Amino acid sequence: MKNLPNSRKRNMRTWEPGEKAYQLNGSGKDNVPISLIDLASNDYLGLSQDPRIIEAAHKTMLYEGVGAGGSRLVTGSRPIHKKLETELGRWLGLERVLLFPSGFQANLAAVCALANRTTPVIADKLIHHSLLVGIKASGAKMKRFAHNNIIDLERILQNCVVEHPLQSPLVITESLFSMEGTSPDIKKVATLCENYKARLLVDEAHALGVMGSKGRGLCHGISKGITMISGTFGKAFGSGGAFLATNKTFGEHLLQTSGAFRYTTALAPPLASAALEALKLLKENPNKGRNLQKESMLWRSELSNQGWDSPKGNGPIISLELGTDEASLNKQYELEQNGLLTIAIRPPTVPEGTSRLRIIVRSNLPEKTLKKLLFHLGEKQ
Ligand SMILES: Cc1ncc(COP(=O)(O)O)c(C=O)c1O
């Protein structure tokens with residue numbers, strides 16, 4: 001292992017709901033316990049603590065046990081898996097949904113199903129690590145376009161048509177980038193892909209449940225140009241597990257050929273049940289995501305009123321760039337001392353010189369959280 005400077009070392013911080021932070025009083029002597037507010041997790045709608053979801057998972061666990069005990073093609077397929085796949089497909093308006101134990105695995109499976117050694121893959125510069133691992137595993141050659149830059153994407157597609165006239169390229173992007181908080185114009189990306197006969201894979205991990213019409217993600221309603229989307233239940237859905245959604249042909253292709261789908265223990269039934277309940281909840285409260293988005297826009301404008309560069313994007317992820325590792329770690333520490341849990345995100349997760357605080361606006365934050373954050377964040381130095 002390389003000798004990492006202290007500012008680059010990671011530690012697996014443990015944290016639990018209800019945890020207290022210890023604030024030093026003015027004299028710096030006594031520790032005063034205060035609640036630690038979670039401004040860091042991807043539990044955007046607070047569903048991981050929702051009693052209905054907990055009860056659904058609990059009931060399934062009592063009846064089915066904890067684990068599936070086998071892979072989907074052996075003994076692991078339960079009615080709850082089929083039900084979740086069908087309901088998700090209906091909600092998203094897509095023909096086929098397949099469940100996976102994690103989003104990382106779903107992304108790996110998606111890329112390997114859509115690309116091989118001869119496929120030109122064109123990916124946004126900031127795609128998630130799991131997609132990069134998928135590209136590597138597929139053996140495909142990758143070209144990268146500047147983040148969310150349609151003009152750059154088209155330039156590469158044009159070259160691709162000349163260099164590989166017989167190959168259909170695979171374009172990969174995300175609908176809400178997890179470390180930036182930004183979104184591409186998916187409709188434009190899809191139209192370009194349609195025009196250049198490219199296939200398009202969109203990772204909707206962070207958008208699902210909170211962005212797009214009724215929280216159905218930013219690909220929803222775009223009828224042409226999108227080949228496959230991936231989603232996870234580990235974020236707004238509040239549990240764990242993931243899925244790929246696509247048409248019948250690619251769905252069948254995944255089922256018949258994807259090792260990442262076939263050779264793994266099926267999603268634990270209680271998690272499938274929790275995801276199904278979260279889906280019901282989202283259907284009953286279709287404005288949850290829109291309200292959260294509105295709130296996040298208020299946070300953005302208050303932050304920029306206080307001198308922070310207007311944070312990009314319009315979803316619940318707010319990225320406050322501080323530059324150096326030390327500056328972001330110090331700010332994280334300072335905020336935590338004052339009861340606000342945020343995490344400093346540093347290279348290699350983000351590009352060199354762009355260390356930042358990733359702040360998550362969640363729908364069940366205590367009142368006056370924004371005021372508290374603004375007070376303790378102060379002005380940008
Ligand atoms: C953009 C993106 N895609 C996929 C994943 C992986 O999802 P999961 O946590 O379900 O493995 C993550 C989670 O870190 C992510 O941020």
# chains A, B, ... in the order shown; residues from 1 in each chain; ligands from 1

$ residues_around --residues "A:Arg346" --least-positions-apart "4" --cutoff "10 Å" --atoms "only C-alpha atoms" --output "list in words"
Ser7, Arg8, Lys9, Arg10, Gly323, Thr324, Asp325, Glu326, Ser328, Leu329, Val350, Pro351, Glu352, Gly353, Thr354, Ser355, Arg356 and Leu357 of chain A

$ residues_near_ligand --ligand "ligand 1" --cutoff "10 Å" --atoms "only C-alpha atoms and all ligand atoms" --output "PyMOL selection string"
chain A and resi 42+100-108+126-131+173-179+202-207+230-235+239-243

$ closest_residue --among "A:Gly339, A:Arg96, A:Gly65, A:Thr349" --to "A:Ile34" --atoms "only C-alpha atoms"
A:Gly339

$ select_by_dssp --residues "stretch 43-289 of chain A" --states "strand (DSSP E or B)" --output "ChimeraX atom specification"
/A:71,96-100,120-124,141-145,170-174,199-203,228-232,242-246,265

$ residues_around --residues "A:Asp124" --least-positions-apart "3" --cutoff "7 Å" --atoms "only C-alpha atoms" --output "JSON, numbers by chain"
{"A": [127, 144, 145, 146, 147, 148, 172, 173]}

$ write_last_selection --atoms "C-alpha atoms" --output "CSV table (one decimal), in the first residue's frame"
chain,number,residue,atom,x,y,z
A,127,ILE,CA,-19.3,8.0,-13.5
A,144,ARG,CA,-14.7,9.8,-21.7
A,145,PHE,CA,-16.7,12.9,-22.4
A,146,ALA,CA,-16.5,16.1,-20.3
A,147,HIS,CA,-18.9,16.0,-17.4
A,148,ASN,CA,-22.5,16.5,-18.6
A,172,ILE,CA,-22.9,5.6,-20.0
A,173,THR,CA,-24.0,8.3,-17.7

$ residues_around --residues "A:Gly89" --least-positions-apart "3" --cutoff "10 Å" --atoms "only C-alpha atoms" --output "mmCIF file with C-alpha atoms, in the first residue's frame"
data_model
loop_
_atom_site.group_PDB
_atom_site.id
_atom_site.type_symbol
_atom_site.label_atom_id
_atom_site.label_comp_id
_atom_site.auth_asym_id
_atom_site.auth_seq_id
_atom_site.Cartn_x
_atom_site.Cartn_y
_atom_site.Cartn_z
ATOM 1 C CA LYS A 83 -44.014 -8.946 -7.267
ATOM 2 C CA LEU A 84 -41.392 -6.268 -6.774
ATOM 3 C CA GLU A 85 -40.072 -6.735 -10.313
ATOM 4 C CA THR A 86 -43.571 -6.456 -11.785
ATOM 5 C CA LEU A 92 -41.274 2.947 -14.423
ATOM 6 C CA GLY A 93 -43.108 2.009 -17.604
ATOM 7 C CA LEU A 94 -40.425 -0.516 -18.574
ATOM 8 C CA GLU A 95 -40.978 -4.087 -19.711
ATOM 9 C CA ARG A 96 -38.525 -6.007 -17.643
ATOM 10 C CA VAL A 97 -36.968 -5.564 -14.223
ATOM 11 C CA LEU A 98 -34.382 -7.841 -12.627
ATOM 12 C CA LEU A 244 -31.913 -3.157 -13.750
ATOM 13 C CA ALA A 245 -34.885 -2.111 -15.873
ATOM 14 C CA THR A 246 -34.960 -2.536 -19.622
ATOM 15 C CA ASN A 247 -36.944 -4.024 -22.524
#

$ residues_around --residues "A:Ala275" --least-positions-apart "3" --cutoff "7 Å" --atoms "only C-alpha atoms" --output "ChimeraX atom specification"
/A:233,237,239,271-272,278-279

$ closest_residue --among "A:Lys312, A:Ser296, A:Thr369, A:Ala236" --to "A:Asp50" --atoms "only C-alpha atoms"
A:Ala236

$ select_by_dssp --residues "stretch 81-271 of chain A" --states "alpha helix (DSSP H)" --output "PyMOL selection string"
chain A and resi 81-92+103-114+129-138+150-163+186-195+248-257+259-262+269-271

$ write_last_selection --atoms "C-alpha atoms" --output "short mmCIF file (atom, residue, chain, number, x, y, z; two decimals), in the first residue's frame"
data_model
loop_
_atom_site.label_atom_id
_atom_site.label_comp_id
_atom_site.auth_asym_id
_atom_site.auth_seq_id
_atom_site.Cartn_x
_atom_site.Cartn_y
_atom_site.Cartn_z
CA HIS A 81 -39.14 -10.87 -5.85
CA LYS A 82 -41.53 -11.38 -8.76
CA LYS A 83 -44.01 -8.95 -7.27
CA LEU A 84 -41.39 -6.27 -6.77
CA GLU A 85 -40.07 -6.73 -10.31
CA THR A 86 -43.57 -6.46 -11.79
CA GLU A 87 -44.59 -3.43 -9.71
CA LEU A 88 -41.34 -1.59 -10.41
CA GLY A 89 -41.68 -2.27 -14.14
CA ARG A 90 -45.22 -0.85 -14.09
CA TRP A 91 -44.17 2.21 -12.11
CA LEU A 92 -41.27 2.95 -14.42
CA GLY A 103 -26.28 -1.43 -7.16
CA PHE A 104 -22.59 -2.10 -7.61
CA GLN A 105 -23.39 -5.57 -8.89
CA ALA A 106 -26.29 -4.34 -11.06
CA ASN A 107 -24.00 -1.82 -12.76
CA LEU A 108 -21.35 -4.46 -13.36
CA ALA A 109 -24.01 -6.73 -14.89
CA ALA A 110 -25.46 -3.94 -17.02
CA VAL A 111 -22.17 -2.96 -18.62
CA CYS A 112 -21.15 -6.56 -19.22
CA ALA A 113 -24.52 -7.27 -20.88
CA LEU A 114 -24.23 -4.27 -23.19
CA HIS A 129 -16.67 3.36 -9.71
CA SER A 130 -19.00 0.36 -10.18
CA LEU A 131 -19.58 1.36 -13.82
CA LEU A 132 -15.83 1.68 -14.37
CA VAL A 133 -15.33 -1.78 -12.92
CA GLY A 134 -18.03 -3.04 -15.31
CA ILE A 135 -16.27 -1.48 -18.29
CA LYS A 136 -13.00 -3.06 -17.25
CA ALA A 137 -14.65 -6.46 -16.80
CA SER A 138 -16.30 -6.23 -20.23
CA ILE A 150 -23.47 17.13 -24.77
CA ILE A 151 -21.20 18.82 -27.32
CA ASP A 152 -18.23 16.73 -26.24
CA LEU A 153 -20.36 13.59 -26.26
CA GLU A 154 -21.48 14.29 -29.82
CA ARG A 155 -17.90 14.94 -30.94
CA ILE A 156 -16.84 11.52 -29.64
CA LEU A 157 -19.90 9.82 -31.15
CA GLN A 158 -19.08 11.36 -34.54
CA ASN A 159 -15.50 10.04 -34.37
CA CYS A 160 -16.79 6.69 -33.24
CA VAL A 161 -19.04 6.30 -36.28
CA VAL A 162 -16.02 6.91 -38.53
CA GLU A 163 -13.62 4.67 -36.59
CA ILE A 186 -31.08 13.13 -20.24
CA LYS A 187 -33.54 13.87 -23.03
CA LYS A 188 -30.76 15.39 -25.12
CA VAL A 189 -28.38 12.51 -24.33
CA ALA A 190 -31.09 10.01 -25.33
CA THR A 191 -31.82 11.84 -28.59
CA LEU A 192 -28.13 11.88 -29.48
CA CYS A 193 -27.89 8.16 -28.79
CA GLU A 194 -30.94 7.54 -30.94
CA ASN A 195 -29.44 9.61 -33.79
CA LYS A 248 -37.92 -7.69 -22.92
CA THR A 249 -34.98 -8.53 -25.18
CA PHE A 250 -32.24 -7.16 -22.96
CA GLY A 251 -34.04 -8.46 -19.87
CA GLU A 252 -34.00 -11.97 -21.30
CA HIS A 253 -30.37 -11.52 -22.35
CA LEU A 254 -29.45 -10.59 -18.77
CA LEU A 255 -31.36 -13.52 -17.34
CA GLN A 256 -29.73 -16.01 -19.70
CA THR A 257 -26.17 -14.68 -19.71
CA GLY A 259 -23.09 -14.12 -14.25
CA ALA A 260 -23.60 -11.23 -11.83
CA PHE A 261 -27.34 -12.01 -11.87
CA ARG A 262 -27.23 -15.81 -11.93
CA PRO A 269 -36.67 -11.34 0.99
CA PRO A 270 -37.09 -8.79 3.83
CA LEU A 271 -35.22 -6.25 1.70
#

$ residues_around --residues "A:Gln293" --least-positions-apart "5" --cutoff "7 Å" --atoms "only C-alpha atoms" --output "list in words"
Asn314, Gly315 and Pro316 of chain A

$ write_last_selection --atoms "N, CA and C atoms" --output "PDB file, in the first residue's frame"
ATOM      1  N   ASN A 314     -29.967  20.522  -8.930  1.00  0.00           N
ATOM      2  CA  ASN A 314     -31.251  20.899  -8.333  1.00  0.00           C
ATOM      3  C   ASN A 314     -31.881  19.756  -7.528  1.00  0.00           C
ATOM      4  N   GLY A 315     -31.051  18.839  -7.092  1.00  0.00           N
ATOM      5  CA  GLY A 315     -31.552  17.729  -6.271  1.00  0.00           C
ATOM      6  C   GLY A 315     -31.034  17.825  -4.849  1.00  0.00           C
ATOM      7  N   PRO A 316     -31.192  16.756  -4.074  1.00  0.00           N
ATOM      8  CA  PRO A 316     -30.858  16.830  -2.644  1.00  0.00           C
ATOM      9  C   PRO A 316     -29.369  16.759  -2.317  1.00  0.00           C
TER      10      PRO A 316
END

$ atom_distance --atom1 "atom CA of A:Glu19" --atom2 "atom CA of A:Leu335"
14.5 Å

$ residues_around --residues "stretch 165-171 of chain A" --least-positions-apart "2" --cutoff "6 Å" --atoms "only C-alpha atoms" --output "compact mmCIF listing (two decimals) with N, CA and C atoms, in the first residue's frame"
# COMPACT_ATOMS: atom_id res chain seq x y z
N THR A 119 -16.76 -3.33 -28.27
CA THR A 119 -17.72 -2.21 -28.15
C THR A 119 -17.03 -0.90 -27.78
N PRO A 120 -17.26 0.15 -28.55
CA PRO A 120 -16.76 1.45 -28.08
C PRO A 120 -17.67 1.97 -26.96
N VAL A 121 -17.08 2.15 -25.78
CA VAL A 121 -17.87 2.68 -24.66
C VAL A 121 -17.51 4.15 -24.46
N ILE A 122 -18.53 4.97 -24.35
CA ILE A 122 -18.32 6.42 -24.17
C ILE A 122 -18.99 6.81 -22.85
N ALA A 123 -18.17 7.22 -21.90
CA ALA A 123 -18.71 7.43 -20.55
C ALA A 123 -18.43 8.84 -20.05
N VAL A 161 -18.36 6.80 -35.09
CA VAL A 161 -19.04 6.30 -36.28
C VAL A 161 -18.03 6.11 -37.41
N VAL A 162 -17.03 7.01 -37.48
CA VAL A 162 -16.02 6.91 -38.53
C VAL A 162 -15.06 5.75 -38.22
N ALA A 198 -26.55 4.59 -30.91
CA ALA A 198 -25.79 4.12 -29.75
C ALA A 198 -26.77 3.61 -28.72
N ARG A 199 -26.33 2.71 -27.86
CA ARG A 199 -27.17 2.30 -26.74
C ARG A 199 -26.81 3.16 -25.52
N LEU A 200 -27.77 3.33 -24.64
CA LEU A 200 -27.55 4.23 -23.50
C LEU A 200 -27.90 3.54 -22.19
